[in-house]
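Undergrad: What follows is entry.pdb, made up of PDB, C-alpha atoms and all ligand atoms:
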```
MODEL        1
ATOM      1  CA  MET A 177      -7.269  -7.579   0.186
ATOM      2  CA  VAL A 178      -7.783  -6.270   3.745
ATOM      3  CA  PHE A 179      -7.174  -2.679   2.753
ATOM      4  CA  ALA A 180      -9.157  -2.509  -0.480
ATOM      5  CA  PRO A 181     -11.547   0.435  -0.232
ATOM      6  CA  ASP A 182     -14.144  -1.512  -2.192
ATOM      7  CA  PRO A 183     -14.706  -4.936  -0.618
ATOM      8  CA  ALA A 184     -16.647  -6.220  -3.640
ATOM      9  CA  GLU A 185     -14.447  -8.420  -5.795
ATOM     10  CA  ASP A 186     -16.349  -7.598  -8.951
ATOM     11  CA  GLY A 187     -18.408  -4.699 -10.227
ATOM     12  CA  PRO A 188     -17.224  -1.147 -10.761
ATOM     13  CA  PRO A 189     -15.487   0.651  -7.906
ATOM     14  CA  PRO A 190     -17.631   3.280  -6.187
ATOM     15  CA  THR A 191     -15.315   6.055  -7.303
ATOM     16  CA  GLY A 192     -17.346   6.885 -10.409
ATOM     17  CA  PRO A 193     -15.573   7.831 -13.606
ATOM     18  CA  ALA A 194     -11.870   6.978 -13.615
ATOM     19  CA  ASP A 195     -10.815  10.582 -14.122
ATOM     20  CA  VAL A 196     -12.531  11.874 -10.950
ATOM     21  CA  PRO A 197      -9.654  12.686  -8.609
ATOM     22  CA  ALA A 198      -9.542  11.500  -5.015
ATOM     23  CA  LEU A 199      -8.881  15.088  -3.984
ATOM     24  CA  GLN A 200      -9.211  18.343  -5.830
ATOM     25  CA  ALA A 201      -8.481  21.424  -3.762
ATOM     26  CA  THR A 202      -8.733  24.674  -5.710
ATOM     27  CA  ASP A 203      -7.479  28.085  -4.547
ATOM     28  CA  VAL A 204      -8.074  27.245  -0.899
ATOM     29  CA  ALA A 205      -7.459  30.120   1.492
ATOM     30  CA  LYS A 206      -7.766  30.069   5.271
ATOM     31  CA  ARG A 207      -7.534  33.106   7.477
ATOM     32  CA  TYR A 208      -7.901  32.375  11.173
ATOM     33  CA  PRO A 209      -9.822  34.842  13.348
ATOM     34  CA  THR A 210      -6.433  35.856  14.777
ATOM     35  CA  GLY A 211      -5.590  37.262  11.333
ATOM     36  CA  VAL A 212      -3.062  34.524  10.450
ATOM     37  CA  GLU A 213      -3.235  33.644   6.735
ATOM     38  CA  ALA A 214      -2.491  29.933   7.044
ATOM     39  CA  LEU A 215      -3.411  29.056   3.429
ATOM     40  CA  ARG A 216      -3.051  31.507   0.548
ATOM     41  CA  GLY A 217      -4.635  29.907  -2.503
ATOM     42  CA  VAL A 218      -3.652  26.241  -2.317
ATOM     43  CA  SER A 219      -4.502  24.040  -5.292
ATOM     44  CA  LEU A 220      -3.739  20.350  -5.039
ATOM     45  CA  ARG A 221      -4.901  17.248  -6.865
ATOM     46  CA  ILE A 222      -4.537  13.588  -5.953
ATOM     47  CA  GLU A 223      -5.601  11.066  -8.561
ATOM     48  CA  ALA A 224      -7.765   8.117  -7.525
ATOM     49  CA  GLY A 225      -5.276   5.586  -6.138
ATOM     50  CA  GLY A 226      -2.476   8.187  -6.093
ATOM     51  CA  PHE A 227      -0.003   8.823  -3.269
ATOM     52  CA  LEU A 228       0.935  12.434  -2.564
ATOM     53  CA  GLY A 229       3.471  13.565   0.009
ATOM     54  CA  LEU A 230       3.043  17.060   1.438
ATOM     55  CA  LEU A 231       6.271  18.522   2.773
ATOM     56  CA  GLY A 232       6.954  21.856   4.335
ATOM     57  CA  PRO A 233       8.426  23.525   7.407
ATOM     58  CA  ASN A 234       6.472  23.930  10.640
ATOM     59  CA  GLY A 235       3.788  26.547  10.255
ATOM     60  CA  ALA A 236       3.596  26.069   6.465
ATOM     61  CA  GLY A 237      -0.115  25.225   6.591
ATOM     62  CA  LYS A 238      -0.174  21.418   6.342
ATOM     63  CA  SER A 239      -2.434  20.784   9.336
ATOM     64  CA  THR A 240      -4.739  23.601   8.330
ATOM     65  CA  LEU A 241      -5.152  22.064   4.877
ATOM     66  CA  ILE A 242      -5.939  18.675   6.409
ATOM     67  CA  SER A 243      -8.450  20.300   8.755
ATOM     68  CA  CYS A 244     -10.140  21.930   5.759
ATOM     69  CA  ILE A 245     -10.316  18.639   3.826
ATOM     70  CA  THR A 246     -11.780  16.782   6.794
ATOM     71  CA  GLY A 247     -14.278  19.465   7.769
ATOM     72  CA  LEU A 248     -12.537  20.473  10.995
ATOM     73  CA  ALA A 249     -11.883  23.971   9.685
ATOM     74  CA  ARG A 250     -13.728  26.043   7.147
ATOM     75  CA  PRO A 251     -11.700  27.715   4.406
ATOM     76  CA  THR A 252     -12.200  31.410   3.841
ATOM     77  CA  ALA A 253     -12.173  30.860   0.072
ATOM     78  CA  GLY A 254     -11.777  28.122  -2.518
ATOM     79  CA  SER A 255     -13.273  24.692  -3.032
ATOM     80  CA  ILE A 256     -12.426  21.141  -1.981
ATOM     81  CA  GLU A 257     -13.867  18.041  -3.612
ATOM     82  CA  VAL A 258     -13.288  14.458  -2.528
ATOM     83  CA  PHE A 259     -14.087  12.001  -5.318
ATOM     84  CA  GLY A 260     -16.220  14.730  -6.860
ATOM     85  CA  HIS A 261     -18.176  15.388  -3.650
ATOM     86  CA  ASP A 262     -18.140  18.847  -2.114
ATOM     87  CA  ALA A 263     -16.142  18.534   1.104
ATOM     88  CA  LEU A 264     -17.199  22.002   2.259
ATOM     89  CA  GLY A 265     -20.937  21.604   1.768
ATOM     90  CA  HIS A 266     -21.565  18.897   4.395
ATOM     91  CA  ASP A 267     -21.879  16.203   1.708
ATOM     92  CA  PRO A 268     -21.734  12.971   3.742
ATOM     93  CA  GLU A 269     -20.212  11.143   0.753
ATOM     94  CA  ALA A 270     -17.172  13.395   0.992
ATOM     95  CA  ARG A 271     -16.829  12.721   4.734
ATOM     96  CA  ILE A 272     -17.252   8.962   4.361
ATOM     97  CA  ALA A 273     -14.645   8.793   1.611
ATOM     98  CA  VAL A 274     -11.917  10.128   3.930
ATOM     99  CA  GLY A 275     -10.038   8.359   6.701
ATOM    100  CA  LEU A 276      -7.793  10.444   8.948
ATOM    101  CA  ALA A 277      -4.887   9.231  11.056
ATOM    102  CA  PRO A 278      -4.013  12.427  12.920
ATOM    103  CA  GLN A 279      -0.638  13.397  14.215
ATOM    104  CA  ASP A 280      -1.777  13.398  17.838
ATOM    105  CA  ILE A 281      -2.823  10.045  19.178
ATOM    106  CA  ASN A 282      -6.391  11.037  19.979
ATOM    107  CA  LEU A 283      -7.725   7.728  21.272
ATOM    108  CA  ASP A 284     -10.407   7.431  23.912
ATOM    109  CA  TRP A 285      -8.386   6.008  26.793
ATOM    110  CA  PHE A 286     -11.440   4.359  28.342
ATOM    111  CA  LEU A 287     -12.214   2.173  25.324
ATOM    112  CA  THR A 288     -10.643  -1.141  24.492
ATOM    113  CA  VAL A 289      -8.938  -1.629  21.137
ATOM    114  CA  GLU A 290     -11.926  -3.560  19.809
ATOM    115  CA  GLU A 291     -14.417  -0.938  21.027
ATOM    116  CA  THR A 292     -12.341   1.796  19.412
ATOM    117  CA  LEU A 293     -12.718   0.188  16.001
ATOM    118  CA  ASP A 294     -16.334  -0.846  16.525
ATOM    119  CA  PHE A 295     -17.468   2.617  17.703
ATOM    120  CA  HIS A 296     -15.732   4.244  14.768
ATOM    121  CA  GLY A 297     -17.550   1.908  12.352
ATOM    122  CA  GLY A 298     -20.829   2.732  14.093
ATOM    123  CA  TYR A 299     -20.127   6.440  13.740
ATOM    124  CA  PHE A 300     -19.855   5.893  10.001
ATOM    125  CA  GLY A 301     -23.101   3.900   9.875
ATOM    126  CA  MET A 302     -21.656   0.432   9.339
ATOM    127  CA  PRO A 303     -24.088  -2.352  10.262
ATOM    128  CA  LYS A 304     -23.116  -4.499  13.250
ATOM    129  CA  ARG A 305     -22.236  -7.623  11.282
ATOM    130  CA  GLU A 306     -20.000  -5.657   8.921
ATOM    131  CA  ARG A 307     -18.339  -3.896  11.850
ATOM    132  CA  ARG A 308     -17.542  -7.215  13.478
ATOM    133  CA  ALA A 309     -16.014  -8.686  10.341
ATOM    134  CA  ARG A 310     -14.026  -5.514   9.589
ATOM    135  CA  THR A 311     -12.758  -5.288  13.171
ATOM    136  CA  GLU A 312     -11.475  -8.874  13.005
ATOM    137  CA  GLU A 313      -9.699  -8.164   9.721
ATOM    138  CA  LEU A 314      -7.969  -5.069  11.011
ATOM    139  CA  LEU A 315      -7.016  -6.549  14.383
ATOM    140  CA  GLU A 316      -5.357  -9.360  12.471
ATOM    141  CA  ALA A 317      -3.695  -7.103   9.881
ATOM    142  CA  PHE A 318      -2.142  -4.884  12.562
ATOM    143  CA  SER A 319      -1.224  -7.713  14.975
ATOM    144  CA  LEU A 320      -3.654  -6.370  17.553
ATOM    145  CA  THR A 321      -5.789  -9.465  18.037
ATOM    146  CA  ASP A 322      -4.290 -10.354  21.412
ATOM    147  CA  LYS A 323      -4.706  -6.744  22.554
ATOM    148  CA  ARG A 324      -8.381  -6.473  21.595
ATOM    149  CA  ASP A 325      -9.667  -6.285  25.176
ATOM    150  CA  GLN A 326      -6.965  -3.968  26.430
ATOM    151  CA  ARG A 327      -7.817  -0.339  27.125
ATOM    152  CA  THR A 328      -6.011   1.920  24.709
ATOM    153  CA  ARG A 329      -4.244   3.892  27.446
ATOM    154  CA  THR A 330      -2.368   0.756  28.527
ATOM    155  CA  LEU A 331      -0.855   0.145  25.076
ATOM    156  CA  SER A 332       2.718   0.939  24.091
ATOM    157  CA  GLY A 333       3.309   3.963  21.846
ATOM    158  CA  GLY A 334       3.750   1.735  18.807
ATOM    159  CA  MET A 335       0.533  -0.140  19.464
ATOM    160  CA  LYS A 336      -1.358   3.138  19.887
ATOM    161  CA  ARG A 337      -0.093   4.242  16.445
ATOM    162  CA  ARG A 338      -1.334   1.008  14.922
ATOM    163  CA  VAL A 339      -4.768   1.461  16.488
ATOM    164  CA  VAL A 340      -4.956   5.002  15.085
ATOM    165  CA  LEU A 341      -4.181   3.673  11.602
ATOM    166  CA  ALA A 342      -6.571   0.719  11.906
ATOM    167  CA  ARG A 343      -9.321   3.065  13.101
ATOM    168  CA  ALA A 344      -8.759   5.369  10.107
ATOM    169  CA  LEU A 345      -9.238   2.365   7.806
ATOM    170  CA  MET A 346     -12.261   0.919   9.595
ATOM    171  CA  HIS A 347     -14.921   2.395   7.284
ATOM    172  CA  ARG A 348     -12.882   1.595   4.146
ATOM    173  CA  PRO A 349     -12.075   5.170   3.131
ATOM    174  CA  ARG A 350     -11.001   5.757  -0.462
ATOM    175  CA  LEU A 351      -8.734   8.622   0.578
ATOM    176  CA  LEU A 352      -6.506   8.111   3.597
ATOM    177  CA  ILE A 353      -4.852  11.115   5.227
ATOM    178  CA  LEU A 354      -1.769  10.385   7.279
ATOM    179  CA  ASP A 355      -0.505  13.348   9.282
ATOM    180  CA  GLU A 356       3.099  12.635  10.243
ATOM    181  CA  PRO A 357       2.384   8.966  10.942
ATOM    182  CA  THR A 358       5.953   8.074  11.880
ATOM    183  CA  ALA A 359       6.966  11.108  13.937
ATOM    184  CA  GLY A 360       9.001   9.868  16.864
ATOM    185  CA  VAL A 361       8.531   6.137  16.232
ATOM    186  CA  ASP A 362      11.376   3.613  16.328
ATOM    187  CA  VAL A 363      12.997   2.201  13.195
ATOM    188  CA  GLU A 364      11.150  -1.100  13.354
ATOM    189  CA  LEU A 365       7.710   0.445  13.652
ATOM    190  CA  ARG A 366       8.515   2.990  10.970
ATOM    191  CA  LEU A 367       9.354   0.205   8.515
ATOM    192  CA  GLU A 368       6.281  -1.735   9.596
ATOM    193  CA  LEU A 369       4.055   1.306   9.016
ATOM    194  CA  TRP A 370       5.695   1.961   5.639
ATOM    195  CA  HIS A 371       4.942  -1.594   4.621
ATOM    196  CA  ALA A 372       1.287  -1.294   5.682
ATOM    197  CA  VAL A 373       0.883   2.070   3.980
ATOM    198  CA  GLN A 374       2.372   0.751   0.724
ATOM    199  CA  GLN A 375      -0.007  -2.191   0.815
ATOM    200  CA  ILE A 376      -2.995   0.074   1.525
ATOM    201  CA  ASN A 377      -2.104   2.187  -1.512
ATOM    202  CA  ALA A 378      -1.417  -0.856  -3.694
ATOM    203  CA  GLU A 379      -4.909  -2.128  -2.921
ATOM    204  CA  GLY A 380      -6.417   1.081  -4.318
ATOM    205  CA  THR A 381      -6.672   3.674  -1.533
ATOM    206  CA  ALA A 382      -5.403   7.147  -2.416
ATOM    207  CA  ILE A 383      -3.125   8.639   0.247
ATOM    208  CA  LEU A 384      -2.164  12.124   1.369
ATOM    209  CA  LEU A 385       0.856  11.948   3.659
ATOM    210  CA  THR A 386       2.516  14.758   5.548
ATOM    211  CA  THR A 387       5.982  14.100   6.833
ATOM    212  CA  HIS A 388       9.207  15.810   7.807
ATOM    213  CA  TYR A 389      11.203  12.810   6.631
ATOM    214  CA  LEU A 390      12.292  13.338   3.029
ATOM    215  CA  GLU A 391      13.362   9.713   2.754
ATOM    216  CA  GLU A 392       9.863   8.652   3.756
ATOM    217  CA  ALA A 393       8.286  10.810   1.060
ATOM    218  CA  GLU A 394      10.705   9.476  -1.552
ATOM    219  CA  GLN A 395      10.127   5.866  -0.573
ATOM    220  CA  LEU A 396       6.368   5.990  -0.451
ATOM    221  CA  CYS A 397       4.913   8.752  -2.584
ATOM    222  CA  ASP A 398       4.507   8.937  -6.331
ATOM    223  CA  ARG A 399       4.199  12.729  -6.183
ATOM    224  CA  ILE A 400       5.427  15.299  -3.703
ATOM    225  CA  ALA A 401       4.188  18.830  -3.070
ATOM    226  CA  PHE A 402       6.184  21.464  -1.178
ATOM    227  CA  ILE A 403       4.146  23.918   0.865
ATOM    228  CA  ASP A 404       5.615  27.055   2.390
ATOM    229  CA  GLY A 405       3.932  30.118   3.857
ATOM    230  CA  GLY A 406       0.491  28.760   2.941
ATOM    231  CA  ARG A 407       1.371  28.299  -0.749
ATOM    232  CA  ILE A 408       2.254  25.266  -2.852
ATOM    233  CA  VAL A 409       5.694  26.212  -4.113
ATOM    234  CA  GLY A 410       6.591  23.047  -6.005
ATOM    235  CA  GLU A 411       5.007  19.812  -7.102
ATOM    236  CA  GLY A 412       6.131  16.761  -9.013
ATOM    237  CA  THR A 413       8.062  13.550  -8.657
ATOM    238  CA  SER A 414      11.190  13.631  -6.546
ATOM    239  CA  ALA A 415      13.322  13.820  -9.730
ATOM    240  CA  GLU A 416      11.195  16.612 -11.204
ATOM    241  CA  LEU A 417      11.472  18.690  -8.031
ATOM    242  CA  ALA A 418      15.234  18.249  -7.884
ATOM    243  CA  ALA A 419      15.539  19.234 -11.559
ATOM    244  CA  ALA A 420      13.303  22.272 -11.032
ATOM    245  CA  HIS A 421      15.674  23.520  -8.323
ATOM    246  CA  GLY A 422      18.795  22.636 -10.318
ATOM    247  CA  VAL A 423      19.973  20.111  -7.712
ATOM    248  CA  GLU A 424      20.372  16.366  -7.526
ATOM    249  CA  THR A 425      18.320  15.295  -4.527
ATOM    250  CA  LEU A 426      14.912  15.940  -3.023
ATOM    251  CA  GLU A 427      16.676  17.068   0.144
ATOM    252  CA  ASP A 428      18.594  19.757  -1.733
ATOM    253  CA  ALA A 429      15.406  20.855  -3.492
ATOM    254  CA  TYR A 430      13.789  21.212  -0.076
ATOM    255  CA  LEU A 431      16.755  23.156   1.361
ATOM    256  CA  SER A 432      16.681  25.432  -1.640
ATOM    257  CA  LEU A 433      12.972  25.998  -1.054
ATOM    258  CA  VAL A 434      13.429  26.961   2.588
ATOM    259  CA  GLY A 435      16.514  29.060   1.807
ATOM    260  CA  ARG A 436      18.969  26.844   3.715
ATOM    261  CA  HIS A 437      21.202  25.613   0.910
ATOM    262  CA  GLU A 438      24.259  25.895   3.166
ATOM    263  CA  LEU A 439      22.987  22.809   4.993
ATOM    264  CA  SER A 440      23.226  20.672   1.839
ATOM    265  CA  ARG A 441      25.092  17.434   2.350
ATOM    266  CA  GLN A 442      25.988  17.454  -1.341
ATOM    267  CA  GLY A 443      27.208  20.969  -2.029
ATOM    268  CA  GLY A 444      26.659  22.937   1.166
ATOM    269  CA  ILE A 445      29.121  23.949   3.794
ATOM    270  CA  LEU A 446      28.362  21.057   6.128
ATOM    271  CA  GLY A 447      29.011  18.503   3.386
ATOM    272  CA  ALA A 448      32.199  20.239   2.272
ATOM    273  CA  ALA A 449      33.474  20.538   5.851
ATOM    274  CA  THR A 450      32.743  16.897   6.638
ATOM    275  CA  ALA A 451      34.493  15.771   3.451
ATOM    276  CA  ALA A 452      37.563  17.884   4.293
ATOM    277  CA  GLY A 453      37.573  16.935   7.992
ATOM    278  CA  LEU A 454      37.120  20.593   8.994
ATOM    279  CA  ASP A 455      34.992  22.399  11.517
ATOM    280  CA  PRO A 456      32.002  23.777   9.515
ATOM    281  CA  GLU A 457      32.104  27.064  11.451
ATOM    282  CA  GLU A 458      35.775  27.615  10.596
ATOM    283  CA  LEU A 459      35.138  26.812   6.956
ATOM    284  CA  ARG A 460      32.184  29.168   6.928
ATOM    285  CA  ARG A 461      34.351  31.995   8.338
ATOM    286  CA  ALA A 462      37.160  31.236   5.863
ATOM    287  CA  ARG A 463      34.735  31.272   2.946
ATOM    288  CA  ALA A 464      33.115  34.493   4.120
ATOM    289  CA  ALA A 465      36.558  36.150   4.428
ATOM    290  CA  GLY A 466      37.480  34.885   0.936
ATOM    291  CA  ALA A 467      34.271  36.285  -0.499
ATOM    292  CA  ARG A 468      34.962  39.665   1.146
ATOM    293  CA  ASP A 469      38.477  39.748  -0.344
ATOM    294  CA  GLU A 470      37.130  38.862  -3.775
ATOM    295  CA  ALA A 471      34.504  41.591  -3.548
ATOM    296  CA  ALA A 472      37.147  44.083  -2.495
ATOM    297  CA  ASP A 473      39.361  43.044  -5.448
ATOM    298  CA  GLY A 474      36.379  43.468  -7.736
ATOM    299  CA  THR A 475      36.081  47.140  -6.806
ATOM    300  CA  GLY A 476      39.603  47.688  -8.193
ATOM    301  CA  ARG A 477      40.999  48.889  -4.878
TER     302      ARG A 477
HETATM  303  P1  LIG B   1       1.897  23.068   9.806
HETATM  304  O1  LIG B   1       0.936  21.966  10.009
HETATM  305  O2  LIG B   1       2.526  23.081   8.433
HETATM  306  O3  LIG B   1       2.936  23.166  10.888
HETATM  307  P2  LIG B   1      -0.314  24.816  10.542
HETATM  308  O4  LIG B   1      -1.406  24.608   9.571
HETATM  309  O5  LIG B   1      -0.425  24.146  11.872
HETATM  310  O6  LIG B   1       1.088  24.464   9.845
HETATM  311  O7  LIG B   1      -0.148  26.373  10.812
HETATM  312  C1  LIG B   1      -0.149  27.358   9.786
HETATM  313  C2  LIG B   1      -0.251  28.724  10.445
HETATM  314  O8  LIG B   1      -1.535  28.877  11.006
HETATM  315  C3  LIG B   1       0.740  28.936  11.574
HETATM  316  O9  LIG B   1       1.134  30.289  11.555
HETATM  317  C4  LIG B   1      -0.084  28.625  12.811
HETATM  318  O10 LIG B   1       0.403  29.318  13.924
HETATM  319  C5  LIG B   1      -1.453  29.122  12.403
HETATM  320  N1  LIG B   1      -2.545  28.405  13.053
HETATM  321  C6  LIG B   1      -2.768  27.065  13.037
HETATM  322  N2  LIG B   1      -3.894  26.755  13.702
HETATM  323  C7  LIG B   1      -4.411  27.923  14.149
HETATM  324  C8  LIG B   1      -5.575  28.279  14.896
HETATM  325  N3  LIG B   1      -6.452  27.364  15.309
HETATM  326  N4  LIG B   1      -5.790  29.585  15.160
HETATM  327  C9  LIG B   1      -4.930  30.527  14.722
HETATM  328  N5  LIG B   1      -3.811  30.267  14.025
HETATM  329  C10 LIG B   1      -3.546  28.995  13.725
ENDMDL
END
```
So, in terms of structure tokens, how does the structure I just supplied come out?

TA:
Amino acid sequence: MVFAPDPAEDGPPPTGPADVPALQATDVAKRYPTGVEALRGVSLRIEAGGFLGLLGPNGAGKSTLISCITGLARPTAGSIEVFGHDALGHDPEARIAVGLAPQDINLDWFLTVEETLDFHGGYFGMPKRERRARTEELLEAFSLTDKRDQRTRTLSGGMKRRVVLARALMHRPRLLILDEPTAGVDVELRLELWHAVQQINAEGTAILLTTHYLEEAEQLCDRIAFIDGGRIVGEGTSAELAAAHGVETLEDAYLSLVGRHELSRQGGILGAATAAGLDPEELRRARAAGARDEAADGTGR
């Protein structure tokens, strides 16, 4: 149980009553000083132990929402609670409950792998003995033991990703935020990270994951929220979202959301062209001409 947020084998978990959600964001708005309205009334809930995927195009507001949850940005309006603790009111319980693996690999290049984990534990007030034991566990779990004395800048890209994830887990957060954890990683590492993330969730940690990979969201998350233009525009299981958009796949639901249904591999022009062995551009022109003729016929010319 390396990833269990509560190391105690017995006794009640520190999450309080079972119905207290891991995250409750209510009507969160964020207007940057530049005037950009990055969030326009976002409400989002993750149950304790739940796994929510947040999907949306670039600029939709995902990073801003994460910054608000983790105290890096202050919302203009709304409230955010983490396990019932006010995340906007400097409640240390809310900060301690969250672990963040950011999109950018923001390691201190002068620290070794072991120091990276140990310093992070110290930052969160873990006593030395506990830090040592936790560091050993995580080095082992992420196959980093033989790299413990290596400075982080000398690690491969994949190893750096693992350190970022191990560091996020160091203080045993009960809500883990993963911001595009597999962007640009190779197939092997992606599968390895998926496996770790599934295990972390199975051991009781709630997860908020942002990703551009629909397959990743479908594989890992029990619920998915679509964000666009600073608003949550759909939420549910993959099947619920597809049904809500009158399509069969999460991908088509997403394309419908962003207004690019023509890209659908099921019913869109690319799929139809591929199936017919045609050039999509030619098919598009032929269809457009057909539609014009039909419209002209409809006027009774
Ligand atoms: P995503 O993570 O979904 O790509 P972001 O939250 O990064 O979206 O961005 C949402 C909007 O807010 C975008 O229009 C972006 O340009 C803007 N934005 C993000 N960060 C800042 C900032 N620090 N100052 C001003 N505008 C910002």

Undergrad: If you apply the PyMOL selection byres (((chain A and resi 285-298) around 6) and not hetatm) to this file, what residues do you get, as a list in words?

TA: Leu283, Asp284, Tyr299, Phe300, Gly301, Met302, Arg307, Arg324, Asp325, Gln326, Arg327, Thr328, Arg329, Arg343 and His347 of chain A

Undergrad: Mind running chain A against ligand LIG 1 (chain B) at 10 Å and telling me each contacting residue's nearest atom pair with the distance in Å (one decimal), counting only C-alpha atoms and all ligand atoms, chain and number ascending, as a Markdown table?

TA:
```
| residue | atom | partner | partner_atom | distance |
| --- | --- | --- | --- | --- |
| A:Lys206 | CA | B:LIG1 | O8 | 8.6 |
| A:Arg207 | CA | B:LIG1 | N5 | 8.0 |
| A:Tyr208 | CA | B:LIG1 | C9 | 5.0 |
| A:Pro209 | CA | B:LIG1 | C9 | 6.7 |
| A:Thr210 | CA | B:LIG1 | C9 | 5.5 |
| A:Gly211 | CA | B:LIG1 | C9 | 7.6 |
| A:Val212 | CA | B:LIG1 | N5 | 5.6 |
| A:Glu213 | CA | B:LIG1 | O8 | 6.6 |
| A:Ala214 | CA | B:LIG1 | O8 | 4.2 |
| A:Leu215 | CA | B:LIG1 | C1 | 7.3 |
| A:Leu230 | CA | B:LIG1 | O2 | 9.2 |
| A:Leu231 | CA | B:LIG1 | O2 | 8.2 |
| A:Gly232 | CA | B:LIG1 | O2 | 6.2 |
| A:Pro233 | CA | B:LIG1 | O2 | 6.0 |
| A:Asn234 | CA | B:LIG1 | O3 | 3.6 |
| A:Gly235 | CA | B:LIG1 | O6 | 3.4 |
| A:Ala236 | CA | B:LIG1 | O2 | 3.7 |
| A:Gly237 | CA | B:LIG1 | O4 | 3.3 |
| A:Lys238 | CA | B:LIG1 | O2 | 3.8 |
| A:Ser239 | CA | B:LIG1 | O1 | 3.6 |
| A:Thr240 | CA | B:LIG1 | O4 | 3.7 |
| A:Leu241 | CA | B:LIG1 | O4 | 6.5 |
| A:Ile242 | CA | B:LIG1 | O4 | 8.1 |
| A:Ser243 | CA | B:LIG1 | O4 | 8.3 |
| A:Cys244 | CA | B:LIG1 | O4 | 9.9 |
| A:Ala249 | CA | B:LIG1 | N3 | 8.5 |
| A:Gln279 | CA | B:LIG1 | O1 | 9.7 |
| A:Asp355 | CA | B:LIG1 | O1 | 8.8 |
| A:Glu356 | CA | B:LIG1 | O1 | 9.6 |
| A:Thr386 | CA | B:LIG1 | O1 | 8.6 |
| A:Thr387 | CA | B:LIG1 | O2 | 9.8 |
| A:His388 | CA | B:LIG1 | O2 | 9.9 |
| A:Ile403 | CA | B:LIG1 | O2 | 7.8 |
| A:Asp404 | CA | B:LIG1 | O2 | 7.9 |
| A:Gly405 | CA | B:LIG1 | C1 | 7.7 |
| A:Gly406 | CA | B:LIG1 | C1 | 7.0 |
```

Undergrad: Would you mind reading off the distance between atom CA of A:Phe259 and atom CA of A:Leu199, one decimal, in Å?

TA: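 Value for the atom CA of A:Phe259-atom CA of A:Leu199 distance: 6.2 Å.
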
Undergrad: Could you state which residues are captured by the PyMOL selection byres (((chain A and resi 341) around 9) and not hetatm) in this file, as a short mmCIF file (atom, residue, chain, number, x, y, z; two decimals) with C-alpha atoms, in the coordinates of the input?

TA:
```cif
data_model
loop_
_atom_site.label_atom_id
_atom_site.label_comp_id
_atom_site.auth_asym_id
_atom_site.auth_seq_id
_atom_site.Cartn_x
_atom_site.Cartn_y
_atom_site.Cartn_z
CA GLY A 275 -10.04 8.36 6.70
CA LEU A 276 -7.79 10.44 8.95
CA ALA A 277 -4.89 9.23 11.06
CA PRO A 278 -4.01 12.43 12.92
CA PHE A 318 -2.14 -4.88 12.56
CA LYS A 336 -1.36 3.14 19.89
CA ARG A 337 -0.09 4.24 16.44
CA ARG A 338 -1.33 1.01 14.92
CA VAL A 339 -4.77 1.46 16.49
CA VAL A 340 -4.96 5.00 15.08
CA ALA A 342 -6.57 0.72 11.91
CA ARG A 343 -9.32 3.06 13.10
CA ALA A 344 -8.76 5.37 10.11
CA LEU A 345 -9.24 2.37 7.81
CA MET A 346 -12.26 0.92 9.60
CA LEU A 354 -1.77 10.38 7.28
CA PRO A 357 2.38 8.97 10.94
CA LEU A 369 4.06 1.31 9.02
#
```

Undergrad: Which residue is closest to A:Gln395? Choose from A:Leu352, A:Ile376, A:Leu417, A:Leu228 and count only C-alpha atoms.

TA: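 Answer, going by the shortest atom-to-atom distance: A:Leu228.
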
Undergrad: Which of these, A:Leu426, A:Val361, A:Ala180, A:Ala273, has the shortest distance to A:Ala198 once you count all atoms listed in the file?

TA: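 That would be A:Ala273, the residue with the smallest distance to A:Ala198.
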
Undergrad: Env of A:Phe179: 10 Å cut, atoms = all atoms listed in the file, seq-sep filter 6 positions within chain, self excluded. Answer as a ChimeraX atom specification.

TA: /A:313-314,317,342,345-346,348-350,372-373,375-381

Undergrad: For those residues, write C-alpha atoms to a file as a PDB file, keeping the file's coordinate frame.

TA:
```pdb
ATOM      1  CA  GLU A 313      -9.699  -8.164   9.721  1.00  0.00           C
ATOM      2  CA  LEU A 314      -7.969  -5.069  11.011  1.00  0.00           C
ATOM      3  CA  ALA A 317      -3.695  -7.103   9.881  1.00  0.00           C
ATOM      4  CA  ALA A 342      -6.571   0.719  11.906  1.00  0.00           C
ATOM      5  CA  LEU A 345      -9.238   2.365   7.806  1.00  0.00           C
ATOM      6  CA  MET A 346     -12.261   0.919   9.595  1.00  0.00           C
ATOM      7  CA  ARG A 348     -12.882   1.595   4.146  1.00  0.00           C
ATOM      8  CA  PRO A 349     -12.075   5.170   3.131  1.00  0.00           C
ATOM      9  CA  ARG A 350     -11.001   5.757  -0.462  1.00  0.00           C
ATOM     10  CA  ALA A 372       1.287  -1.294   5.682  1.00  0.00           C
ATOM     11  CA  VAL A 373       0.883   2.070   3.980  1.00  0.00           C
ATOM     12  CA  GLN A 375      -0.007  -2.191   0.815  1.00  0.00           C
ATOM     13  CA  ILE A 376      -2.995   0.074   1.525  1.00  0.00           C
ATOM     14  CA  ASN A 377      -2.104   2.187  -1.512  1.00  0.00           C
ATOM     15  CA  ALA A 378      -1.417  -0.856  -3.694  1.00  0.00           C
ATOM     16  CA  GLU A 379      -4.909  -2.128  -2.921  1.00  0.00           C
ATOM     17  CA  GLY A 380      -6.417   1.081  -4.318  1.00  0.00           C
ATOM     18  CA  THR A 381      -6.672   3.674  -1.533  1.00  0.00           C
TER      19      THR A 381
END
```

Undergrad: A:Arg305, A:Arg216, A:Arg399, A:Glu312: which is nearest A:Ala415, counting only C-alpha atoms?

TA: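 Comparing A:Arg305, A:Arg216, A:Arg399, A:Glu312 against A:Ala415, the winner is A:Arg399.
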
Undergrad: In Å, how far is it from atom CA of A:Leu396 to atom CA of A:Gly412?

TA: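 Going from atom CA of A:Leu396 over to atom CA of A:Gly412, I get 13.8 Å.
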